file structure.txt (compact mmCIF, C-alpha atoms)
# COMPACT_ATOMS: atom_id res chain seq x y z
CA MET Y 1 139.14 -0.43 223.34
CA TYR Y 2 137.70 -0.66 219.82
CA ARG Y 3 137.11 -4.38 220.29
CA ALA Y 4 135.02 -3.72 223.40
CA ILE Y 5 133.09 -0.97 221.59
CA HIS Y 6 132.36 -3.13 218.55
CA GLU Y 7 131.69 -6.39 220.40
CA ARG Y 8 129.53 -4.91 223.19
CA ARG Y 9 126.00 -6.31 223.10
CA ASP Y 10 122.70 -5.60 224.81
CA VAL Y 11 122.34 -9.00 226.46
CA ARG Y 12 118.94 -10.49 227.15
CA SER Y 13 119.21 -14.21 226.45
CA GLN Y 14 122.69 -15.48 227.29
CA PHE Y 15 123.01 -14.88 231.03
CA LEU Y 16 124.53 -17.60 233.21
CA SER Y 17 123.57 -17.92 236.85
CA ASP Y 18 127.24 -17.80 238.00
CA PRO Y 19 127.62 -15.16 240.68
CA LEU Y 20 129.36 -11.92 239.81
CA PRO Y 21 132.32 -11.57 242.21
CA ASP Y 22 132.47 -8.43 244.32
CA GLU Y 23 135.87 -7.48 242.91
CA VAL Y 24 134.48 -7.47 239.36
CA LEU Y 25 131.40 -5.47 240.37
CA ALA Y 26 133.73 -3.07 242.20
CA ARG Y 27 135.76 -2.47 239.04
CA LEU Y 28 132.57 -1.87 237.04
CA LEU Y 29 131.15 0.61 239.58
CA THR Y 30 134.51 2.39 239.77
CA ALA Y 31 134.54 2.68 235.97
CA ALA Y 32 131.04 4.18 236.08
CA HIS Y 33 132.13 6.61 238.79
CA HIS Y 34 134.90 7.88 236.48
CA ALA Y 35 132.44 9.06 233.84
CA PRO Y 36 132.39 12.72 232.88
CA SER Y 37 129.81 14.84 234.68
CA VAL Y 38 128.66 18.40 234.19
CA GLY Y 39 130.50 20.62 236.67
CA PHE Y 40 131.98 17.41 238.17
CA MET Y 41 128.63 16.98 240.00
CA GLN Y 42 128.73 13.14 239.88
CA PRO Y 43 124.94 12.80 240.15
CA TRP Y 44 124.89 9.01 239.69
CA ARG Y 45 123.68 6.71 242.47
CA PHE Y 46 123.85 2.92 242.14
CA VAL Y 47 121.16 0.63 243.53
CA VAL Y 48 122.65 -2.87 243.57
CA ILE Y 49 119.91 -5.51 243.49
CA ARG Y 50 120.74 -9.15 244.12
CA ASP Y 51 117.68 -10.17 246.16
CA ALA Y 52 115.55 -12.55 244.06
CA LYS Y 53 112.36 -11.18 245.65
CA VAL Y 54 113.13 -7.65 244.46
CA ARG Y 55 114.10 -8.88 240.99
CA LYS Y 56 110.82 -10.83 240.86
CA ARG Y 57 108.82 -7.68 241.61
CA ILE Y 58 110.66 -5.78 238.89
CA HIS Y 59 110.12 -8.67 236.50
CA GLY Y 60 106.39 -8.38 237.19
CA LEU Y 61 106.51 -4.70 236.21
CA TYR Y 62 108.33 -5.66 233.04
CA LEU Y 63 105.74 -8.30 232.12
CA ASP Y 64 102.91 -5.78 232.51
CA ALA Y 65 104.67 -3.10 230.47
CA ASN Y 66 105.69 -5.61 227.82
CA GLN Y 67 102.12 -6.85 227.42
CA ASP Y 68 101.00 -3.26 226.77
CA ALA Y 69 103.89 -2.81 224.33
CA ALA Y 70 103.02 -6.01 222.42
CA ALA Y 71 99.39 -4.90 222.16
CA SER Y 72 100.50 -1.66 220.49
CA TYR Y 73 101.76 -3.60 217.43
CA GLY Y 74 99.30 -4.60 214.75
CA GLU Y 75 98.47 -8.23 214.07
CA ALA Y 76 97.87 -7.93 210.33
CA ASP Y 77 101.50 -7.42 209.27
CA GLY Y 78 102.93 -9.91 211.76
CA ALA Y 79 104.56 -7.18 213.86
CA ARG Y 80 102.91 -8.30 217.09
CA ALA Y 81 103.99 -11.92 216.59
CA ALA Y 82 107.53 -10.77 215.73
CA TYR Y 83 107.61 -8.58 218.85
CA LYS Y 84 106.42 -11.40 221.08
CA LYS Y 85 109.21 -13.66 219.83
CA LEU Y 86 111.88 -11.26 221.11
CA LYS Y 87 113.35 -11.84 224.54
CA LEU Y 88 113.81 -8.33 225.88
CA ALA Y 89 115.03 -8.69 229.46
CA GLY Y 90 117.11 -10.98 231.65
CA ILE Y 91 115.94 -9.63 235.02
CA LEU Y 92 115.60 -13.05 236.66
CA ASP Y 93 118.43 -14.79 234.76
CA ALA Y 94 121.12 -12.22 235.57
CA PRO Y 95 122.48 -12.56 239.12
CA VAL Y 96 122.86 -8.79 239.59
CA ASN Y 97 120.47 -6.02 238.61
CA LEU Y 98 121.61 -2.43 238.88
CA CYS Y 99 119.38 0.61 238.83
CA ILE Y 100 121.37 3.76 238.07
CA VAL Y 101 119.59 6.95 239.03
CA CYS Y 102 120.36 10.66 238.77
CA ASP Y 103 120.18 12.71 241.96
CA SER Y 104 120.35 16.41 241.13
CA ASN Y 105 119.64 17.40 244.74
CA THR Y 106 123.25 18.19 245.37
CA ASP Y 107 125.49 21.22 245.64
CA ARG Y 108 128.30 19.14 244.22
CA GLY Y 109 129.56 20.88 241.11
CA ARG Y 110 128.10 24.19 242.33
CA GLY Y 111 125.70 24.30 239.39
CA LEU Y 112 128.48 24.76 236.84
CA GLY Y 113 127.28 24.10 233.27
CA ARG Y 114 123.72 23.27 234.28
CA ALA Y 115 122.02 26.65 233.90
CA THR Y 116 121.65 26.42 230.14
CA MET Y 117 121.29 22.63 229.81
CA PRO Y 118 120.00 21.09 233.07
CA GLU Y 119 119.42 17.80 231.24
CA THR Y 120 123.20 17.29 231.28
CA ALA Y 121 122.84 15.90 234.83
CA ALA Y 122 120.86 12.95 233.43
CA TYR Y 123 123.26 12.75 230.49
CA SER Y 124 126.23 12.49 232.89
CA THR Y 125 124.49 9.53 234.47
CA VAL Y 126 124.13 7.91 231.05
CA CYS Y 127 127.88 8.37 230.51
CA ALA Y 128 128.36 6.35 233.72
CA VAL Y 129 126.13 3.62 232.28
CA GLN Y 130 128.19 3.44 229.09
CA ASN Y 131 131.50 3.37 230.98
CA LEU Y 132 130.19 0.44 233.02
CA TRP Y 133 128.87 -1.31 229.92
CA LEU Y 134 132.22 -1.16 228.09
CA ALA Y 135 134.18 -2.16 231.19
CA ALA Y 136 131.80 -5.10 231.60
CA ARG Y 137 132.38 -6.19 228.01
CA SER Y 138 136.12 -6.21 228.57
CA GLU Y 139 135.55 -8.36 231.70
CA GLY Y 140 133.39 -10.82 229.72
CA VAL Y 141 130.32 -9.66 231.65
CA GLY Y 142 127.06 -9.10 229.78
CA VAL Y 143 124.83 -6.09 230.36
CA GLY Y 144 121.24 -5.56 229.24
CA TRP Y 145 119.34 -2.26 229.56
CA VAL Y 146 115.63 -2.72 230.28
CA SER Y 147 113.53 0.29 229.30
CA ILE Y 148 110.20 -1.57 229.16
CA LEU Y 149 109.27 -0.48 232.68
CA HIS Y 150 106.93 2.29 233.77
CA PRO Y 151 109.24 4.71 235.60
CA GLU Y 152 106.55 5.49 238.19
CA ARG Y 153 106.14 1.82 239.09
CA LEU Y 154 109.92 1.40 239.21
CA ARG Y 155 110.05 4.34 241.64
CA GLU Y 156 107.42 2.78 243.91
CA THR Y 157 109.16 -0.60 243.91
CA LEU Y 158 112.63 0.73 244.65
CA GLY Y 159 111.59 3.67 246.87
CA ILE Y 160 113.00 6.27 244.49
CA PRO Y 161 111.69 9.74 245.45
CA GLU Y 162 110.13 12.17 242.95
CA SER Y 163 113.24 14.33 242.96
CA VAL Y 164 115.49 11.49 241.78
CA LEU Y 165 115.37 10.31 238.18
CA PRO Y 166 115.58 6.59 237.33
CA VAL Y 167 117.88 6.57 234.31
CA ALA Y 168 118.77 2.94 233.60
CA TYR Y 169 117.71 -0.47 234.84
CA LEU Y 170 120.48 -2.92 233.98
CA CYS Y 171 120.92 -6.69 234.18
CA LEU Y 172 124.49 -7.91 234.73
CA GLY Y 173 126.10 -11.32 234.64
CA TYR Y 174 128.46 -13.69 232.91
CA VAL Y 175 127.17 -15.00 229.60
CA SER Y 176 127.38 -18.20 227.58
CA HIS Y 177 128.59 -16.12 224.63
CA PHE Y 178 128.30 -12.70 223.04
CA GLU Y 179 126.32 -12.64 219.81
CA GLU Y 180 128.16 -11.58 216.66
CA GLN Y 181 125.42 -9.10 215.77
CA PRO Y 182 122.85 -7.17 217.83
CA GLU Y 183 119.91 -9.52 218.42
CA LEU Y 184 117.45 -7.03 216.93
CA ALA Y 185 119.47 -7.26 213.69
CA SER Y 186 119.89 -11.05 213.58
CA LYS Y 187 116.19 -11.44 214.38
CA ASP Y 188 115.33 -9.04 211.56
CA TRP Y 189 113.68 -6.41 213.72
CA GLU Y 190 116.01 -3.62 212.59
CA GLN Y 191 119.31 -3.24 210.72
CA ARG Y 192 122.35 -1.06 211.29
CA ALA Y 193 122.02 2.30 209.55
CA ASP Y 194 124.53 3.57 207.00
CA LEU Y 195 126.77 5.90 209.01
CA ALA Y 196 127.47 8.11 205.98
CA GLU Y 197 123.82 9.14 205.95
CA LEU Y 198 123.98 10.29 209.58
CA ILE Y 199 126.85 12.75 209.06
CA HIS Y 200 126.10 16.40 208.31
CA PHE Y 201 128.63 19.14 207.55
CA GLU Y 202 128.71 22.58 209.19
CA ALA Y 203 124.92 22.62 209.80
CA PHE Y 204 122.10 20.21 210.46
CA GLY Y 205 120.43 19.08 207.25
CA GLU Y 206 123.63 19.51 205.27
CA SER Y 207 124.16 15.80 204.85
CA ASP Y 208 126.31 14.80 201.92
CA PRO Y 209 126.71 11.01 201.84
CA GLU Y 210 129.36 11.18 199.12
CA ARG Y 211 131.52 13.55 201.14
CA ALA Y 212 130.81 11.50 204.28
CA ARG Y 213 131.86 8.31 202.51
CA ALA Y 214 135.12 9.98 201.48
CA LEU Y 215 135.67 11.00 205.12
CA LEU Y 216 134.95 7.45 206.26
CA GLY Y 217 137.21 5.95 203.58
CA ASP Y 218 134.29 3.90 202.20
CA MET Z 1 140.07 -0.11 228.47
CA TYR Z 2 140.34 0.83 232.14
CA ARG Z 3 143.24 3.12 231.34
CA ALA Z 4 141.12 5.04 228.83
CA ILE Z 5 138.24 5.23 231.31
CA HIS Z 6 140.42 6.50 234.15
CA GLU Z 7 142.62 8.83 232.09
CA ARG Z 8 139.83 10.36 229.99
CA ARG Z 9 139.51 14.09 230.63
CA ASP Z 10 137.10 16.88 229.73
CA VAL Z 11 139.61 18.98 227.77
CA ARG Z 12 139.26 22.75 227.58
CA SER Z 13 142.79 24.15 227.76
CA GLN Z 14 145.26 21.79 226.10
CA PHE Z 15 144.12 21.70 222.47
CA LEU Z 16 146.72 21.91 219.71
CA SER Z 17 145.87 23.33 216.32
CA ASP Z 18 147.13 20.20 214.50
CA PRO Z 19 144.45 18.96 212.14
CA LEU Z 20 142.52 15.82 213.03
CA PRO Z 21 143.04 13.37 210.13
CA ASP Z 22 139.91 12.04 208.45
CA GLU Z 23 140.86 8.43 209.25
CA VAL Z 24 140.95 9.22 212.98
CA LEU Z 25 137.65 11.10 212.87
CA ALA Z 26 136.19 8.18 210.92
CA ARG Z 27 137.20 5.72 213.66
CA LEU Z 28 135.68 8.00 216.31
CA LEU Z 29 132.38 8.39 214.44
CA THR Z 30 132.25 4.64 213.79
CA ALA Z 31 132.77 4.01 217.51
CA ALA Z 32 129.91 6.41 218.29
CA HIS Z 33 127.71 4.64 215.74
CA HIS Z 34 128.28 1.35 217.59
CA ALA Z 35 126.69 2.63 220.79
CA PRO Z 36 123.64 0.85 222.18
CA SER Z 37 120.29 2.34 221.21
CA VAL Z 38 116.77 1.63 222.35
CA GLY Z 39 115.13 -0.71 219.83
CA PHE Z 40 118.29 -0.31 217.69
CA MET Z 41 116.84 3.03 216.55
CA GLN Z 42 120.27 4.72 216.18
CA PRO Z 43 118.86 8.24 216.62
CA TRP Z 44 122.26 9.98 216.62
CA ARG Z 45 123.18 12.46 213.88
CA PHE Z 46 126.64 14.04 213.70
CA VAL Z 47 127.19 17.62 212.60
CA VAL Z 48 130.92 17.95 211.84
CA ILE Z 49 132.04 21.57 212.14
CA ARG Z 50 135.47 22.63 210.91
CA ASP Z 51 134.61 26.04 209.41
CA ALA Z 52 136.18 28.74 211.59
CA LYS Z 53 133.26 31.09 210.85
CA VAL Z 54 130.75 28.64 212.29
CA ARG Z 55 132.96 27.95 215.32
CA LYS Z 56 133.26 31.70 215.86
CA ARG Z 57 129.47 32.08 215.92
CA ILE Z 58 129.17 29.24 218.43
CA HIS Z 59 131.93 30.78 220.51
CA GLY Z 60 129.90 33.99 220.63
CA LEU Z 61 126.93 32.04 222.01
CA TYR Z 62 129.22 30.50 224.61
CA LEU Z 63 130.59 33.89 225.68
CA ASP Z 64 127.05 35.24 226.19
CA ALA Z 65 125.89 32.20 228.15
CA ASN Z 66 129.07 32.15 230.21
CA GLN Z 67 128.67 35.80 231.16
CA ASP Z 68 125.17 35.04 232.46
CA ALA Z 69 126.53 32.00 234.30
CA ALA Z 70 129.32 34.01 235.94
CA ALA Z 71 126.83 36.65 237.06
CA SER Z 72 124.82 33.97 238.86
CA TYR Z 73 127.67 33.38 241.33
CA GLY Z 74 128.02 35.68 244.32
CA GLU Z 75 130.96 38.02 244.67
CA ALA Z 76 131.20 37.94 248.46
CA ASP Z 77 132.54 34.39 248.82
CA GLY Z 78 134.85 34.61 245.82
CA ALA Z 79 132.74 32.16 243.80
CA ARG Z 80 132.36 34.53 240.86
CA ALA Z 81 136.10 35.19 240.68
CA ALA Z 82 136.81 31.45 240.96
CA TYR Z 83 134.30 30.74 238.18
CA LYS Z 84 135.81 33.38 235.90
CA LYS Z 85 139.27 31.84 236.27
CA LEU Z 86 138.07 28.54 234.80
CA LYS Z 87 138.53 27.94 231.09
CA LEU Z 88 135.39 26.07 230.13
CA ALA Z 89 135.50 25.59 226.36
CA GLY Z 90 137.99 25.11 223.54
CA ILE Z 91 135.62 25.95 220.66
CA LEU Z 92 138.15 28.04 218.71
CA ASP Z 93 141.28 26.13 219.78
CA ALA Z 94 140.04 22.67 218.78
CA PRO Z 95 140.22 22.07 215.01
CA VAL Z 96 137.00 20.05 214.95
CA ASN Z 97 133.72 20.72 216.72
CA LEU Z 98 131.00 18.09 216.67
CA CYS Z 99 127.38 18.62 217.54
CA ILE Z 100 125.64 15.31 218.27
CA VAL Z 101 121.87 15.51 218.07
CA CYS Z 102 119.03 13.07 218.63
CA ASP Z 103 116.50 12.67 215.82
CA SER Z 104 113.50 10.68 217.04
CA ASN Z 105 111.58 11.30 213.80
CA THR Z 106 112.35 7.85 212.55
CA ASP Z 107 110.61 4.51 212.20
CA ARG Z 108 113.96 2.85 212.76
CA GLY Z 109 113.60 0.54 215.74
CA ARG Z 110 109.82 0.43 215.25
CA GLY Z 111 109.24 2.12 218.60
CA LEU Z 112 110.58 -0.84 220.58
CA GLY Z 113 111.34 0.08 224.21
CA ARG Z 114 110.32 3.71 223.84
CA ALA Z 115 106.68 3.58 224.97
CA THR Z 116 107.50 3.56 228.69
CA MET Z 117 110.72 5.58 228.61
CA PRO Z 118 110.86 7.82 225.51
CA GLU Z 119 113.85 9.64 227.01
CA THR Z 120 115.94 6.58 226.13
CA ALA Z 121 116.29 7.98 222.59
CA ALA Z 122 118.29 10.90 223.99
CA TYR Z 123 120.11 8.54 226.35
CA SER Z 124 121.15 6.36 223.38
CA THR Z 125 122.67 9.46 221.82
CA VAL Z 126 124.63 10.10 225.03
CA CYS Z 127 125.98 6.54 224.85
CA ALA Z 128 127.30 7.44 221.40
CA VAL Z 129 129.02 10.50 222.91
CA GLN Z 130 130.72 8.39 225.56
CA ASN Z 131 131.85 5.74 223.05
CA LEU Z 132 133.42 8.51 220.98
CA TRP Z 133 135.03 10.10 224.04
CA LEU Z 134 136.72 6.87 225.16
CA ALA Z 135 137.81 6.00 221.63
CA ALA Z 136 139.27 9.50 221.34
CA ARG Z 137 141.23 9.06 224.59
CA SER Z 138 142.76 5.86 223.28
CA GLU Z 139 143.76 7.75 220.09
CA GLY Z 140 145.35 10.53 222.16
CA VAL Z 141 142.62 12.93 221.05
CA GLY Z 142 141.07 15.28 223.59
CA VAL Z 143 137.34 15.92 223.85
CA GLY Z 144 135.53 18.67 225.73
CA TRP Z 145 131.75 18.84 226.20
CA VAL Z 146 130.38 22.39 226.17
CA SER Z 147 127.02 22.72 227.92
CA ILE Z 148 127.22 26.47 228.51
CA LEU Z 149 125.15 27.23 225.40
CA HIS Z 150 121.48 28.12 225.16
CA PRO Z 151 120.00 25.19 223.19
CA GLU Z 152 117.62 27.51 221.32
CA ARG Z 153 120.46 29.69 220.09
CA LEU Z 154 122.47 26.59 219.17
CA ARG Z 155 119.46 25.40 217.13
CA GLU Z 156 119.22 28.71 215.27
CA THR Z 157 122.94 28.77 214.50
CA LEU Z 158 123.15 25.19 213.24
CA GLY Z 159 119.68 24.99 211.66
CA ILE Z 160 118.49 22.27 214.01
CA PRO Z 161 114.68 21.93 213.77
CA GLU Z 162 112.37 21.85 216.80
CA SER Z 163 111.84 18.12 216.44
CA VAL Z 164 115.54 17.32 216.78
CA LEU Z 165 117.26 17.54 220.17
CA PRO Z 166 120.77 19.00 220.48
CA VAL Z 167 122.41 16.60 222.96
CA ALA Z 168 126.12 17.42 223.03
CA TYR Z 169 128.40 20.09 221.63
CA LEU Z 170 131.94 18.70 221.59
CA CYS Z 171 135.39 20.10 220.85
CA LEU Z 172 137.91 17.60 219.44
CA GLY Z 173 141.61 17.77 218.79
CA TYR Z 174 145.08 16.59 219.69
CA VAL Z 175 146.34 17.93 223.00
CA SER Z 176 149.64 18.98 224.53
CA HIS Z 177 148.92 16.57 227.41
CA PHE Z 178 146.13 15.05 229.42
CA GLU Z 179 145.85 16.36 232.98
CA GLU Z 180 146.36 13.87 235.80
CA GLN Z 181 143.18 15.00 237.53
CA PRO Z 182 139.95 16.61 236.28
CA GLU Z 183 140.61 20.35 236.01
CA LEU Z 184 137.64 21.16 238.24
CA ALA Z 185 139.38 19.11 240.95
CA SER Z 186 142.90 20.50 240.50
CA LYS Z 187 141.47 24.03 240.42
CA ASP Z 188 139.57 23.32 243.64
CA TRP Z 189 136.10 23.79 242.19
CA GLU Z 190 134.90 20.32 243.19
CA GLN Z 191 136.40 17.03 244.37
CA ARG Z 192 135.69 13.43 243.48
CA ALA Z 193 132.95 11.93 245.65
CA ASP Z 194 133.45 8.83 247.78
CA LEU Z 195 131.99 6.02 245.67
CA ALA Z 196 130.96 3.99 248.74
CA GLU Z 197 128.47 6.71 249.64
CA LEU Z 198 126.81 6.49 246.22
CA ILE Z 199 126.00 2.78 246.45
CA HIS Z 200 122.63 1.64 247.77
CA PHE Z 201 121.48 -1.95 248.34
CA GLU Z 202 118.19 -3.41 247.14
CA ALA Z 203 116.35 -0.05 247.32
CA PHE Z 204 117.11 3.64 246.96
CA GLY Z 205 118.01 5.23 250.28
CA GLU Z 206 119.44 1.98 251.60
CA SER Z 207 123.00 3.20 251.45
CA ASP Z 208 125.41 1.42 253.74
CA PRO Z 209 128.93 2.82 253.26
CA GLU Z 210 130.47 0.08 255.41
CA ARG Z 211 128.93 -2.67 253.28
CA ALA Z 212 129.79 -0.71 250.14
CA ARG Z 213 133.41 -0.37 251.26
CA ALA Z 214 133.57 -4.13 251.80
CA LEU Z 215 132.18 -4.64 248.27
CA LEU Z 216 134.75 -2.21 246.88
CA GLY Z 217 137.60 -3.83 248.83
CA ASP Z 218 138.39 -0.50 250.50

call {"tool": "encode", "arguments": {"input": "structure.txt", "output": "structure tokens"}}
result
Amino acid sequence: MYRAIHERRDVRSQFLSDPLPDEVLARLLTAAHHAPSVGFMQPWRFVVIRDAKVRKRIHGLYLDANQDAAASYGEADGARAAYKKLKLAGILDAPVNLCIVCDSNTDRGRGLGRATMPETAAYSTVCAVQNLWLAARSEGVGVGWVSILHPERLRETLGIPESVLPVAYLCLGYVSHFEEQPELASKDWEQRADLAELIHFEAFGESDPERARALLGD
Amino acid sequence: MYRAIHERRDVRSQFLSDPLPDEVLARLLTAAHHAPSVGFMQPWRFVVIRDAKVRKRIHGLYLDANQDAAASYGEADGARAAYKKLKLAGILDAPVNLCIVCDSNTDRGRGLGRATMPETAAYSTVCAVQNLWLAARSEGVGVGWVSILHPERLRETLGIPESVLPVAYLCLGYVSHFEEQPELASKDWEQRADLAELIHFEAFGESDPERARALLGD
């Protein structure tokens, strides 16, 4: 369990074209379906995309959004060049794409727990994503989450109605290897934060890195 | 891995008062900190709550919100009585409460991936919740997610500023046992959905339970 958690990666560059067998995809979807959900509403729906034509359309959306994103970084400090060097999606390389959406148009769960925090329907769907991601890691299957997509254009392309929320667009497939470190770290985009600084005690703002380090045994 | 995924439960009723050792909590927080995050921004912050006075205040918020929730169910069909029979939170029973919040006020990650889908910051925080939940299950530690709380009152009580999003309020502790089935199923509130009906092919709306059942080997 801890190995899968610590060795899970957001895969963009190492996908192999080997097909993903149905029995493996079945185990991954079943793992996702066993996520927690508010009121047991199970709002997740899985759009399995293998058709290269559909993946090509999505890849086009990604290229557009990524061009806009690159343009938002300045040239003077090298940020734009650094951004452009990153490979951020494996939509065409991965044999299976999976769009996980949240459909709250359901009586399932009878509204329990959603009156005060309706966003927990979307959060339940994210729990399904993370279950799938960890199960995939333990199967040796890579997963990459592509968020550089305009949700409205994703809706149009996949026929997702206004009342259904696209939560995650994932790329799935076997990989040549899993990187030792997150790619954004090894490529010097960002480093892992010090956990002790993210822990607060009894109230927000009451961080106490020394006490946190004692808790963590650091 | 699959055992933890399938035997994980949302625990409300089976908490023991045994303390949760620091070394176990440290492993759980470290697992959460190894969740995926958009642009590697790591927006999660962990408020560890052990003080009984603080838990008592939160429990008061829960009681208020739960009374409102109960009142929203009709009496005629027995829904209100069924709702009132459910135990929905272990705030006072569990020795540790943990509020996981999302702080997007950070340059960490340099905005990567967040222009098109800014909600992925909150979703990253949910991935941290699910990592922690599965790690806890493998440690024999129960976790319950309490969403029957008004976020504004939770903010006031824990000093969470407007710019920080409360994502999950969790109860953690050792348990007498893990239930075989989700409590909402065994207490006949809701049943597990048929996964085949939640799978669509190539586009949303293109569900095909027969094809899905073949994929699932059912």

call {"tool": "closest_residue", "arguments": {"input": "structure.txt", "among": "Z:Val24, Z:Gly39, Z:Ala32, Z:Lys53", "to": "Leu112 of chain Z", "atoms": "all atoms listed in the file"}}
result
Z:Gly39

call {"tool": "interface_residues", "arguments": {"input": "structure.txt", "of": "chain Z", "to": "chain Y", "cutoff": "6 Å", "atoms": "all atoms listed in the file", "output": "PyMOL selection string"}}
result
chain Z and resi 1+22+26+45-49+109+113+116+127+130+147-150+158-160+190+198-204+215-216

call {"tool": "write_last_selection", "arguments": {"input": "structure.txt", "atoms": "C-alpha atoms", "output": "mmCIF file, keeping the file's coordinate frame"}}
result
data_model
loop_
_atom_site.group_PDB
_atom_site.id
_atom_site.type_symbol
_atom_site.label_atom_id
_atom_site.label_comp_id
_atom_site.auth_asym_id
_atom_site.auth_seq_id
_atom_site.Cartn_x
_atom_site.Cartn_y
_atom_site.Cartn_z
ATOM 1 C CA MET Z 1 140.070 -0.110 228.470
ATOM 2 C CA ASP Z 22 139.910 12.040 208.450
ATOM 3 C CA ALA Z 26 136.190 8.180 210.920
ATOM 4 C CA ARG Z 45 123.180 12.460 213.880
ATOM 5 C CA PHE Z 46 126.640 14.040 213.700
ATOM 6 C CA VAL Z 47 127.190 17.620 212.600
ATOM 7 C CA VAL Z 48 130.920 17.950 211.840
ATOM 8 C CA ILE Z 49 132.040 21.570 212.140
ATOM 9 C CA GLY Z 109 113.600 0.540 215.740
ATOM 10 C CA GLY Z 113 111.340 0.080 224.210
ATOM 11 C CA THR Z 116 107.500 3.560 228.690
ATOM 12 C CA CYS Z 127 125.980 6.540 224.850
ATOM 13 C CA GLN Z 130 130.720 8.390 225.560
ATOM 14 C CA SER Z 147 127.020 22.720 227.920
ATOM 15 C CA ILE Z 148 127.220 26.470 228.510
ATOM 16 C CA LEU Z 149 125.150 27.230 225.400
ATOM 17 C CA HIS Z 150 121.480 28.120 225.160
ATOM 18 C CA LEU Z 158 123.150 25.190 213.240
ATOM 19 C CA GLY Z 159 119.680 24.990 211.660
ATOM 20 C CA ILE Z 160 118.490 22.270 214.010
ATOM 21 C CA GLU Z 190 134.900 20.320 243.190
ATOM 22 C CA LEU Z 198 126.810 6.490 246.220
ATOM 23 C CA ILE Z 199 126.000 2.780 246.450
ATOM 24 C CA HIS Z 200 122.630 1.640 247.770
ATOM 25 C CA PHE Z 201 121.480 -1.950 248.340
ATOM 26 C CA GLU Z 202 118.190 -3.410 247.140
ATOM 27 C CA ALA Z 203 116.350 -0.050 247.320
ATOM 28 C CA PHE Z 204 117.110 3.640 246.960
ATOM 29 C CA LEU Z 215 132.180 -4.640 248.270
ATOM 30 C CA LEU Z 216 134.750 -2.210 246.880
#

call {"tool": "atom_distance", "arguments": {"input": "structure.txt", "atom1": "atom CA of Ser176 of chain Z", "atom2": "atom CA of Pro19 of chain Z"}}
result
13.4 Å

call {"tool": "atom_distance", "arguments": {"input": "structure.txt", "atom1": "atom CA of Ser163 of chain Z", "atom2": "atom CA of Ser104 of chain Z"}}
result
7.6 Å

call {"tool": "closest_residue", "arguments": {"input": "structure.txt", "among": "Y:Leu172, Y:Ala71, Y:Leu16, Y:Val141", "to": "Val96 of chain Y", "atoms": "all atoms listed in the file"}}
result
Y:Leu172

call {"tool": "closest_residue", "arguments": {"input": "structure.txt", "among": "Z:Ala136, Z:Pro95, Z:Thr106, Z:Glu180", "to": "Ser17 of chain Z", "atoms": "all atoms listed in the file"}}
result
Z:Pro95

call {"tool": "atom_distance", "arguments": {"input": "structure.txt", "atom1": "atom CA of Lys84 of chain Y", "atom2": "atom CA of Gly173 of chain Y"}}
result
23.9 Å

call {"tool": "residues_near_point", "arguments": {"input": "structure.txt", "point": "(141.5, 23.7, 228.3)", "cutoff": "9 Å", "atoms": "only C-alpha atoms", "output": "list in words"}}
result
Asp10, Val11, Arg12, Ser13, Gln14, Phe15, Leu86, Lys87, Leu88, Ala89, Gly90, Asp93, Gly144 and Glu183 of chain Z

call {"tool": "decode", "arguments": {"input": "structure.txt", "residues": "segment 37-59 of chain Y", "atoms": "C-alpha atoms", "output": "short mmCIF file (atom, residue, chain, number, x, y, z; two decimals), in the first residue's frame"}}
result
data_model
loop_
_atom_site.label_atom_id
_atom_site.label_comp_id
_atom_site.auth_asym_id
_atom_site.auth_seq_id
_atom_site.Cartn_x
_atom_site.Cartn_y
_atom_site.Cartn_z
CA SER Y 37 -19.20 8.78 -1.69
CA VAL Y 38 -21.36 11.23 0.21
CA GLY Y 39 -24.58 9.47 1.22
CA PHE Y 40 -23.38 6.48 -0.86
CA MET Y 41 -24.59 8.41 -3.95
CA GLN Y 42 -21.86 7.00 -6.26
CA PRO Y 43 -22.02 9.96 -8.65
CA TRP Y 44 -19.09 8.83 -10.82
CA ARG Y 45 -19.59 7.91 -14.47
CA PHE Y 46 -16.74 6.54 -16.60
CA VAL Y 47 -16.33 7.43 -20.26
CA VAL Y 48 -13.87 4.89 -21.70
CA ILE Y 49 -12.14 6.29 -24.80
CA ARG Y 50 -10.05 4.04 -27.00
CA ASP Y 51 -10.99 5.43 -30.43
CA ALA Y 52 -7.95 7.21 -31.90
CA LYS Y 53 -10.22 9.75 -33.63
CA VAL Y 54 -11.74 10.84 -30.32
CA ARG Y 55 -8.32 10.98 -28.64
CA LYS Y 56 -7.06 13.10 -31.56
CA ARG Y 57 -9.88 15.61 -31.05
CA ILE Y 58 -9.12 15.83 -27.35
CA HIS Y 59 -5.43 16.21 -28.13
#
